[in-house]
Structures are given as structure tokens and as C-alpha cells.
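What follows is the content of my_file.txt, which has compact mmCIF, C-alpha atoms:
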# COMPACT_ATOMS: atom_id res chain seq x y z
CA MET A 1468 -21.26 1.16 -21.75
CA PRO A 1469 -23.37 -1.44 -23.59
CA THR A 1470 -24.41 -4.50 -21.66
CA GLU A 1471 -22.47 -7.61 -22.65
CA PRO A 1472 -23.72 -11.14 -21.94
CA GLY A 1473 -22.22 -13.63 -19.57
CA PHE A 1474 -20.09 -11.59 -17.21
CA THR A 1475 -21.73 -12.11 -13.85
CA THR A 1476 -20.82 -14.46 -11.06
CA THR A 1477 -23.71 -16.44 -9.61
CA LYS A 1478 -23.42 -18.03 -6.20
CA HIS A 1479 -24.83 -21.36 -5.03
CA ARG A 1480 -28.04 -21.90 -6.97
CA THR A 1481 -29.87 -21.32 -10.20
CA LEU A 1482 -32.53 -18.65 -10.02
CA PRO A 1483 -35.97 -19.37 -11.53
CA SER A 1484 -36.06 -18.95 -15.29
CA THR A 1485 -38.81 -16.74 -16.69
CA LEU A 1486 -40.92 -17.95 -19.56
CA ASP A 1487 -39.03 -16.27 -22.37
CA ALA A 1488 -39.64 -17.75 -25.80
CA VAL A 1489 -36.82 -19.32 -27.79
CA PRO A 1490 -36.17 -17.07 -30.84
CA GLY A 1491 -37.46 -18.52 -34.09
CA THR A 1492 -39.94 -20.91 -32.42
CA ASP A 1493 -43.67 -20.87 -31.83
CA GLY A 1494 -43.40 -19.87 -28.17
CA LEU A 1495 -41.05 -22.69 -27.07
CA PRO A 1496 -40.10 -21.79 -23.46
CA TRP A 1497 -36.44 -20.97 -22.88
CA PHE A 1498 -34.74 -22.13 -19.69
CA HIS A 1499 -31.89 -19.76 -18.85
CA PHE A 1500 -29.05 -21.37 -16.94
CA ASN A 1501 -26.79 -19.22 -14.79
CA ARG A 1502 -23.65 -17.93 -16.42
CA GLY A 1503 -20.31 -17.23 -14.78
CA PHE A 1504 -18.52 -19.31 -12.15
CA GLN A 1505 -20.75 -22.17 -10.98
CA VAL A 1506 -20.27 -23.12 -7.31
CA GLY A 1507 -22.44 -25.17 -4.96
CA GLN A 1508 -25.57 -27.19 -5.66
CA GLN A 1509 -26.66 -26.91 -9.29
CA PHE A 1510 -30.26 -26.77 -10.44
CA GLY A 1511 -31.99 -27.42 -13.73
CA PRO A 1512 -35.51 -27.42 -15.20
CA THR A 1513 -38.17 -29.77 -13.85
CA TYR A 1514 -39.94 -31.95 -16.43
CA ASP A 1515 -43.37 -33.56 -16.29
CA THR A 1516 -44.27 -37.04 -17.58
CA SER A 1517 -44.69 -35.58 -21.09
CA ASN A 1518 -41.12 -34.25 -21.01
CA LYS A 1519 -42.34 -30.66 -20.85
CA PHE A 1520 -41.26 -27.95 -18.42
CA VAL A 1521 -43.19 -27.73 -15.14
CA ARG A 1522 -44.30 -24.17 -14.36
CA GLU A 1523 -44.66 -22.46 -11.01
CA THR A 1524 -45.85 -18.99 -10.06
CA ILE A 1525 -43.90 -16.86 -7.58
CA ALA A 1526 -45.22 -13.43 -6.57
CA GLY A 1527 -47.50 -13.39 -9.61
CA VAL A 1528 -44.72 -14.25 -12.08
CA THR A 1529 -44.67 -17.62 -13.85
CA TYR A 1530 -41.36 -19.44 -14.03
CA ILE A 1531 -39.98 -22.79 -15.11
CA LYS A 1532 -39.69 -24.83 -11.91
CA VAL A 1533 -36.16 -25.84 -10.99
CA THR A 1534 -34.93 -28.97 -9.25
CA ALA A 1535 -31.62 -30.01 -7.67
CA LEU A 1536 -29.43 -31.94 -10.13
CA GLU A 1537 -27.53 -35.16 -9.47
CA THR A 1538 -24.37 -36.39 -11.19
CA ASP A 1539 -24.54 -39.34 -13.55
CA LYS A 1540 -21.08 -40.52 -12.48
CA ASN A 1541 -21.57 -41.33 -8.78
CA ASP A 1542 -23.96 -40.92 -5.87
CA HIS A 1543 -23.21 -37.22 -5.34
CA MET A 1544 -25.61 -34.38 -5.89
CA LEU A 1545 -24.28 -32.03 -8.56
CA GLU A 1546 -22.59 -29.70 -6.09
CA PHE A 1547 -19.41 -28.07 -7.38
CA THR A 1548 -16.72 -27.30 -4.81
CA PRO A 1549 -13.80 -24.87 -5.24
CA GLU A 1550 -11.47 -27.45 -3.67
CA LEU A 1551 -9.57 -29.85 -5.94
CA ASP A 1552 -7.76 -32.98 -4.76
CA PHE A 1553 -5.01 -33.99 -7.19
CA SER A 1554 -3.46 -36.56 -4.84
CA SER A 1555 -4.40 -39.34 -7.27
CA GLY A 1556 -3.37 -37.39 -10.38
CA THR A 1557 -4.67 -34.50 -12.45
CA ILE A 1558 -7.43 -36.61 -14.01
CA LEU A 1559 -10.11 -36.83 -11.33
CA PRO A 1560 -11.63 -40.25 -10.61
CA GLN A 1561 -15.38 -40.73 -10.99
CA ASP A 1562 -16.09 -40.20 -7.29
CA LYS A 1563 -14.51 -36.72 -7.43
CA VAL A 1564 -15.90 -35.32 -10.68
CA HIS A 1565 -17.97 -32.80 -8.70
CA GLN A 1566 -14.78 -31.07 -7.53
CA GLY A 1567 -13.80 -27.74 -9.07
CA VAL A 1568 -15.66 -24.60 -10.10
CA ARG A 1569 -17.31 -24.87 -13.52
CA ILE A 1570 -17.52 -22.16 -16.16
CA PHE A 1571 -20.63 -21.28 -18.14
CA LYS A 1572 -19.97 -17.92 -19.77
CA PHE A 1573 -22.05 -17.86 -22.94
CA GLU A 1574 -25.61 -19.10 -23.27
CA PHE A 1575 -26.03 -22.37 -25.12
CA ASP A 1576 -28.20 -22.89 -28.20
CA PRO A 1577 -31.65 -23.78 -26.76
CA ILE A 1578 -32.65 -25.67 -29.91
CA ASN A 1579 -29.52 -27.41 -31.11
CA GLY A 1580 -26.71 -27.49 -28.59
CA SER A 1581 -24.71 -30.31 -30.18
CA ASN A 1582 -20.96 -29.87 -30.31
CA GLY A 1583 -19.94 -27.90 -33.37
CA THR A 1584 -23.45 -26.96 -34.47
CA SER A 1585 -24.48 -24.21 -32.03
CA ARG A 1586 -25.95 -21.07 -33.58
CA VAL A 1587 -24.91 -18.89 -30.63
CA ASP A 1588 -22.40 -16.21 -31.58
CA ILE A 1589 -19.15 -16.21 -29.58
CA PRO A 1590 -17.36 -12.85 -29.51
CA ILE A 1591 -13.76 -12.81 -30.69
CA PHE A 1592 -13.15 -9.11 -30.06
CA ARG A 1593 -15.35 -7.61 -27.40
CA LEU A 1594 -15.64 -4.14 -25.89
CA GLY A 1595 -14.54 -5.30 -22.43
CA TYR A 1596 -11.48 -6.95 -23.98
CA MET A 1597 -10.58 -3.71 -25.73
CA TYR A 1598 -10.69 -1.87 -22.42
CA THR A 1599 -8.30 -4.39 -20.85
CA LEU A 1600 -5.89 -4.15 -23.80
CA ARG A 1601 -5.84 -0.37 -23.59
CA ALA A 1602 -5.46 -0.44 -19.80
CA GLU A 1603 -2.43 -2.72 -20.16
CA ALA A 1604 -0.93 -0.45 -22.83
CA TYR A 1605 -1.45 2.61 -20.62
CA PHE A 1606 0.06 0.80 -17.63
CA ARG A 1607 3.16 -0.30 -19.53
CA SER A 1608 3.57 3.29 -20.81
CA GLY A 1609 3.45 4.71 -17.29
CA GLU A 1610 -0.02 6.26 -17.78
CA THR A 1611 -1.45 4.52 -14.72
CA THR A 1612 -4.30 7.00 -14.20
CA ASN A 1613 -5.67 6.20 -17.66
CA ALA A 1614 -5.14 2.50 -17.03
CA LEU A 1615 -7.11 2.75 -13.80
CA ALA A 1616 -9.97 4.55 -15.56
CA ASP A 1617 -10.35 1.73 -18.09
CA ILE A 1618 -10.26 -0.98 -15.41
CA ASN A 1619 -12.86 0.83 -13.33
CA ILE A 1620 -15.18 1.22 -16.32
CA ILE A 1621 -15.24 -2.57 -16.46
CA ARG A 1622 -15.45 -3.17 -12.70
CA THR A 1623 -18.35 -0.79 -12.11
CA SER A 1624 -20.40 -2.22 -15.01
CA ARG A 1625 -20.27 -5.81 -13.71
CA ASN A 1626 -22.55 -7.38 -11.09
CA ARG A 1627 -22.56 -10.43 -8.90
CA ILE A 1628 -26.03 -11.97 -9.13
CA GLN A 1629 -27.28 -13.90 -6.13
CA PRO A 1630 -30.65 -14.59 -4.44
CA ALA A 1631 -32.27 -11.93 -2.26
CA ASP A 1632 -32.00 -14.15 0.83
CA GLU A 1633 -28.22 -14.14 0.36
CA GLY A 1634 -27.96 -10.37 0.12
CA GLY A 1635 -29.15 -9.78 -3.42
CA ASN A 1636 -27.09 -8.53 -6.34
CA ILE A 1637 -23.76 -6.86 -5.62
CA SER A 1638 -22.45 -4.15 -7.93
CA GLY A 1639 -18.79 -4.05 -8.88
CA GLN A 1640 -16.69 -1.47 -7.04
CA ALA A 1641 -13.98 0.83 -8.37
CA ILE A 1642 -10.42 0.42 -7.09
CA SER A 1643 -7.92 3.16 -6.24
CA LEU A 1644 -4.70 4.03 -8.04
CA SER A 1645 -2.61 2.55 -5.24
CA ASP A 1646 -4.38 -0.79 -5.82
CA LEU A 1647 -3.35 -1.00 -9.48
CA THR A 1648 -0.12 -2.97 -9.29
CA GLU A 1649 1.05 -5.17 -12.14
CA THR A 1650 -0.30 -8.22 -10.31
CA ARG A 1651 -3.66 -6.56 -9.81
CA LEU A 1652 -3.84 -5.56 -13.48
CA TYR A 1653 -2.95 -9.13 -14.46
CA ASN A 1654 -5.81 -10.42 -12.32
CA GLU A 1655 -8.32 -7.82 -13.51
CA ILE A 1656 -7.63 -8.75 -17.13
CA SER A 1657 -8.19 -12.39 -16.20
CA TYR A 1658 -11.48 -11.63 -14.42
CA GLU A 1659 -12.88 -9.94 -17.51
CA ASN A 1660 -11.60 -12.26 -20.24
CA TYR A 1661 -11.79 -15.73 -18.70
CA TRP A 1662 -12.88 -18.52 -21.04
CA GLU A 1663 -12.28 -16.42 -24.18
CA MET A 1664 -8.97 -17.97 -25.31
CA LYS A 1665 -7.00 -14.90 -24.23
CA ARG A 1666 -5.13 -16.41 -21.28
CA ARG A 1667 -2.10 -17.93 -23.02
CA PRO A 1668 -0.87 -14.73 -24.75
CA GLN A 1669 -1.63 -12.75 -21.60
CA MET A 1670 0.54 -15.07 -19.49
CA ILE A 1671 3.35 -14.75 -22.01
CA ARG A 1672 3.16 -10.94 -21.91
CA PHE A 1673 3.28 -10.92 -18.11
CA GLY A 1674 6.01 -13.59 -17.86
CA THR A 1675 3.94 -16.20 -16.03
CA PHE A 1676 3.46 -18.76 -18.78
CA GLU A 1677 6.33 -20.98 -17.65
CA ASP A 1678 5.28 -21.08 -13.98
CA ALA A 1679 4.16 -24.29 -12.33
CA TYR A 1680 0.60 -24.54 -11.02
CA ALA A 1681 -1.98 -27.23 -10.27
CA GLY A 1682 -1.74 -29.90 -12.93
CA LYS A 1683 1.21 -28.28 -14.73
CA ALA A 1684 4.95 -28.49 -14.10
CA GLN A 1685 7.29 -25.58 -14.80
CA SER A 1686 8.02 -25.35 -18.52
CA GLU A 1687 10.76 -23.93 -20.73
CA VAL A 1688 10.55 -20.54 -22.45
CA TYR A 1689 10.86 -22.07 -25.93
CA ARG A 1690 7.40 -23.60 -25.50
CA ARG A 1691 5.87 -20.15 -25.94
CA ILE A 1692 6.16 -20.92 -29.66
CA TYR A 1693 4.51 -24.06 -31.01
CA PRO A 1694 6.52 -26.64 -32.99
CA ILE A 1695 5.97 -26.97 -36.72
CA ALA A 1696 4.24 -30.23 -37.58
CA GLN A 1697 6.78 -32.73 -38.93
CA ASN A 1698 4.63 -33.63 -41.93
CA VAL A 1699 4.67 -29.94 -42.94
CA ILE A 1700 8.46 -29.86 -42.71
CA ASP A 1701 8.72 -33.09 -44.70
CA VAL A 1702 6.75 -31.78 -47.68
CA SER A 1703 8.18 -28.26 -47.64
CA GLY A 1704 11.69 -29.11 -48.76
CA ASP A 1705 13.99 -26.45 -47.33
CA ILE A 1706 11.25 -23.86 -46.72
CA PHE A 1707 10.57 -24.68 -43.06
CA ILE A 1708 13.07 -25.37 -40.29
CA GLN A 1709 11.83 -26.62 -36.93
CA ASN A 1710 11.58 -23.97 -34.24
CA LYS A 1711 14.47 -23.75 -31.78
CA ASP A 1712 14.77 -26.49 -29.13
CA TYR A 1713 12.08 -28.76 -30.61

Using C-alpha cells, write down the structure that the file contains.
Amino acid sequence: MPTEPGFTTTKHRTLPSTLDAVPGTDGLPWFHFNRGFQVGQQFGPTYDTSNKFVRETIAGVTYIKVTALETDKNDHMLEFTPELDFSSGTILPQDKVHQGVRIFKFEFDPINGSNGTSRVDIPIFRLGYMYTLRAEAYFRSGETTNALADINIIRTSRNRIQPADEGGNISGQAISLSDLTETRLYNEISYENYWEMKRRPQMIRFGTFEDAYAGKAQSEVYRRIYPIAQNVIDVSGDIFIQNKDY
């Protein structure tokens, strides 16, 4: 199965970034941030007084030196915590902006990372996504053995990357047929396709879209379909009628 970018989970800290060159530049060094679920103290590149990367050599390999990051909102170090406190509302105040796991799935544009101008390709249809779609189709057709095979292809090709002093990388493990319940399939699809704009239709297919969860009250079924913008209805004459219950 071809390797696909951005589907590892990295624990606690950024690993040193090797001196890869940014494509299309004259050797501009490329700092690679971790990708996946970001938890714990976060690290970034260290700069010298000339605003250039500081290098360090570890075991004969030269890296860009990393340093612990601080938030620009309060006095906290940039240490993301899984815990979220919504007691004051779903919009976190400035002294709690470090709460919550962050997502960094696809590498940013190392030259021009401005919003809307990145040159990094974002996959719309990806091999891993195709496996999850087929696994769901097999499962709903009663072909659970085939569904399991597709899920395990994905699971065994993914790794958790972490430093050697924390146990090193951990390879994904296959699950058994008895493990593949509808809830487990739902979760496995989520693990593979997070942050790819696939969640909403998946929740509708599995009947969980209306459920209440942190920051969201229970909703009505009619909200599975979006309303038609009123200005579209106004100029369409009798072509469009607003969707039911809006």
C-alpha cells in the first residue's frame, strides 16, 4: 500500500527536523513540524540573531535545533492538553487557549503559508478513504470478513511516531472479527479520515449527526439538509421552495 502523508500520531514533543531543502529553492532548509494529533509541550525551530535556523548535530546527523514554544495569549507554555473546560462557554477565554488537542494533518507550504495561497495539495479522494468506504459497504451488506480485511489494511500501515526514550515508534495492530462492531467501524473510519471534511456525511449515515456533544446541543433531523439561501429563492420565482422545516 503506498505511503500517504500525515497519518501518524505524535506524542508530546517535536522531533528534530533534518536539513531537507524546500523544493524549488536554492537549498532553503525545511523545518518539518509533526503531523497528527498534537498533545503536550510544542516545539518549533530555533532562530539566531539573523533570523536563520540554528543547527545542531546529534549522532553525526545535523538537524534544525528546536525550542519549547510559548503562547502569545497568556503566560502559559504552548502545552496542549486533552482536557477542555467549557464551564464559561464553548469559546475558551484567553487563559485557556492551550486546552484541547490540536490537529496538523497536512504539511504547510514552507515558502508561502498565507491563508488561501498555499501550494500544498490537499487530497479530496484518497486511497485510505476508499478503503473505509468499501469496508462500510461490505459491513452494511453483511460481508464482515471483507470489511475487516479493508480496515486492517489501514490499521497495519499506520504508525504512532514517538521518541526512542518513550518507547519508539509503535506499529498499528490488526483487530479481530469479533471487534468489528458498528461502533468500532464508525470509530475506525473517523481515525483514518479526520480533518478531511468527511465527518458530517459519515455521522448522517450512522445516525449520530443529531446527537448532543461538547459545544453542541441535540439537533433536529431536518438540519441534515441545508436551507436554501433566501436571496436565491427571491430571484428564482417559483423554481425553488425552501426545504422542509426551515

Could you pull out every residue with an atom within 6 Å of (-28.3, -23.4, -29.1), file coordinates, counting all atoms listed in the file, and send them as a PyMOL selection string? chain A and resi 1575-1580+1585-1587

Can those selected residues be exported to a file as a short mmCIF file (atom, residue, chain, number, x, y, z; two decimals), in the frame of the given file so that it contains C-alpha atoms?
data_model
loop_
_atom_site.label_atom_id
_atom_site.label_comp_id
_atom_site.auth_asym_id
_atom_site.auth_seq_id
_atom_site.Cartn_x
_atom_site.Cartn_y
_atom_site.Cartn_z
CA PHE A 1575 -26.03 -22.37 -25.12
CA ASP A 1576 -28.20 -22.89 -28.20
CA PRO A 1577 -31.65 -23.78 -26.76
CA ILE A 1578 -32.65 -25.67 -29.91
CA ASN A 1579 -29.52 -27.41 -31.11
CA GLY A 1580 -26.71 -27.49 -28.59
CA SER A 1585 -24.48 -24.21 -32.03
CA ARG A 1586 -25.95 -21.07 -33.58
CA VAL A 1587 -24.91 -18.89 -30.63
#

Residue nearest Gly1556 of chain A - candidates A:Ala1488, A:Ala1681, A:Ala1604, A:Ala1631, atoms counted: all atoms listed in the file: A:Ala1681

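Between atom CA of Trp1662 of chain A and atom CA of Leu1594 of chain A the interatomic distance comes to 15.4 Å.
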
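If only C-alpha atoms are the atoms counted, then among A:Phe1520, A:Tyr1661, A:Tyr1653, A:Phe1547 the closest residue to Gly1503 of chain A is A:Tyr1661.
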
Give the answer as one residue: which of A:Asp1539, A:Thr1534, A:Ile1628, A:Arg1651 has the shortest atom-to-atom distance to Phe1510 of chain A, using all atoms listed in the file? A:Thr1534

Neighbour residues at most 10 Å from (7.0, -19.3, -23.5) (all atoms listed in the file) as a VMD selection string: chain A and resid 1667 to 1668 1670 to 1672 1674 to 1678 1686 to 1693

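Between atom CA of Val1528 of chain A and atom CA of Pro1630 of chain A there is a distance of 16.0 Å.
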
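One distance worth recording is that between atom CA of Pro1549 of chain A and atom CA of His1565 of chain A, which is 9.6 Å.
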
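Taking only C-alpha atoms into account, Met1597 of chain A lies nearest to A:Asn1660 out of the set A:Thr1524, A:Ser1555, A:Asn1501, A:Asn1660.
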
Can you work out which one of A:His1499, A:Lys1563, A:Arg1601, A:Arg1607 has the shortest atom-to-atom distance to Ile1620 of chain A, counting all atoms listed in the file? A:Arg1601

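Proximity ranking of A:Leu1551, A:Glu1537, A:Thr1612, A:Ile1695 relative to Ser1643 of chain A places A:Thr1612 first, based on all atoms listed in the file.
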
Any idea what's packed within 7 Å of segment 1706-1710 of chain A, counting all atoms listed in the file, ignoring anything in its chain fewer than 3 positions away? Could you give it as a VMD selection string? chain A and resid 1694 to 1695 1700 1703 1713

As JSON, please: the centre and edge lengths in Å, to one decimal, of an axis-aligned box enclosing every listed atom of segment 1557-1576 of chain A with 8 Å added on each side.
{"center_x": -16.4, "center_y": -29.3, "center_z": -17.7, "size_x": 39.5, "size_y": 38.9, "size_z": 36.9}

All residues 12 Å or closer to Asp1515 of chain A, all atoms listed in the file, same chain fewer than 5 positions away omitted, as a PyMOL selection string: chain A and resi 1520-1522+1531-1534
